[in-house]
Amino acid sequence: MTTYEPALEVAVQAQATLGEGPTWDAAASRLIWIDILGSRVNTYDPSTGRRTVMATEQHVGAAKPRAGGGLVLNLRDGVALYDGDGDGADSATGFRWLHHEPTPGRRANDAAVAPDGSLWAGTMRYDEAPGGGTLSRFTGDGGATTVLNDVAVSNGTGWSPDGRLMYYIDSPTRRVDVFDVSADGQSVGNRRQLALIEEGAGFPDGLTVDADGCVWVALWDGGAVRRYTPAGTLDRTIILPTIRPTACAFGGPNLTDLYITTARVGLSAAHPMSGSLLVVPEAGKGVAQPAFAG
């Protein structure tokens, strides 16, 4: 295993309460990321340095690009579509619910777009009660299917480069799990453990999968991002200068830069980088992510 402190940069100096969900929007050559508790969708263009911020009316768990333009958002009360691209405070035009299911005490959390263009969106209770969250699959026509219904904190979700495996994190379990994906991509099964985060190393949060099929995991309260091989072997650890990284994703024109979101929530003495968007240039090689087919 290799442990190192990389040539890390601050891509966006910010004070996000709960920065999350970095997503490379290839069509617009920009990174999308959110502040869940700040109810903000952020964009960042690394070629120009241009940044935008769009406010949402509810806590937002994830924001992903749509194939036909606009954004799909995992919001507190369900999954919604925007025709606007989030490029500024007043650009969120054409809001409509794709699936509206308000549940008292529950909010949206991480989400990911599957190879077939469906959105796999997680929920959790604000009190993080075991079994209070779900993972559901949403299609572009509004179809919704519950995939997992006994989740505490639904977090990182991603697919192997060939689409045959899905990786998933329910943070309090400390596990990174792997499923087999059905031939039609609509369901998963044969859940088993890929990796277990040991006591004292933090909790697994968001994840991304690289071109080699390795799984990169941000460790909440662990101050690090780890890479696991498809066999579950820990082969790389990136030490970070902030204790609460939340998620990671490859971006940039060649998908070689690793972007890392961070949080300030719950810290009695936040580090100056807490809440900022970080980047590790040339950290590896990512896989192009599909846009939501809706």
# chains A, B, ... in the order shown; residues from 1 in each chain; ligands from 1

$ select_by_dssp --residues "segment 47-272 of chain A" --states "strand (DSSP E or B)" --output "count of residues only"
124

$ closest_atom_pairs --of "segment 38-110 of chain A" --to "segment 272-280 of chain A" --cutoff "12 Å" --atoms "only C-alpha atoms" --output "Markdown table"
| residue | atom | partner | partner_atom | distance |
| --- | --- | --- | --- | --- |
| A:Gly38 | CA | A:Gly275 | CA | 10.9 |
| A:Asn42 | CA | A:Leu277 | CA | 10.1 |
| A:Thr43 | CA | A:Leu277 | CA | 10.6 |
| A:Tyr44 | CA | A:Leu277 | CA | 9.5 |
| A:Pro46 | CA | A:Val279 | CA | 10.3 |
| A:Arg51 | CA | A:Leu277 | CA | 11.5 |

$ residues_around --residues "segment 124-129 of chain A" --least-positions-apart "6" --cutoff "9 Å" --atoms "only C-alpha atoms" --output "list in words"
Pro104, Gly105, Arg106, Arg107, Ala108, Asn109, Val151, Ala152, Val153, Ser154 and Pro172 of chain A

$ residues_around --residues "segment 173-190 of chain A" --least-positions-apart "4" --cutoff "9 Å" --atoms "only C-alpha atoms" --output "JSON, numbers by chain"
{"A": [114, 115, 116, 118, 137, 147, 152, 156, 159, 163, 164, 165, 166, 167, 168, 169, 194, 195, 196, 197, 198, 199, 202, 203, 204, 217]}

$ closest_residue --among "A:Gln289, A:Gln15, A:Gly251, A:Trp220" --to "Gly158 of chain A" --atoms "only C-alpha atoms"
A:Gln289

$ closest_residue --among "A:Asn74, A:Thr48, A:Thr237, A:Gln58" --to "Gly252 of chain A" --atoms "only C-alpha atoms"
A:Thr48

$ closest_residue --among "A:Arg236, A:Ala121, A:Leu135, A:Asp110" --to "Asp205 of chain A" --atoms "only C-alpha atoms"
A:Asp110

$ atom_distance --atom1 "atom CA of Met1 of chain A" --atom2 "atom CA of Tyr228 of chain A"
9.8 Å

$ closest_residue --among "A:Ser160, A:Pro281, A:Gly286, A:Pro22" --to "Ala7 of chain A" --atoms "only C-alpha atoms"
A:Pro281

$ closest_residue --among "A:Ala11, A:Ala201, A:Ala249, A:Leu258" --to "Glu282 of chain A" --atoms "only C-alpha atoms"
A:Leu258

$ atom_distance --atom1 "atom CA of Leu71 of chain A" --atom2 "atom CA of Val53 of chain A"
13.7 Å

$ atom_distance --atom1 "atom CA of Gly122 of chain A" --atom2 "atom CA of Gly21 of chain A"
12.0 Å

$ closest_residue --among "A:Ala26, A:Leu234, A:Cys248, A:Ile239" --to "Leu207 of chain A" --atoms "only C-alpha atoms"
A:Cys248

$ residues_around --residues "Arg244 of chain A" --least-positions-apart "3" --cutoff "7 Å" --atoms "only C-alpha atoms" --output "list in words"
Trp220, Asp221, Gly222, Gly223, Thr262 and Ala263 of chain A
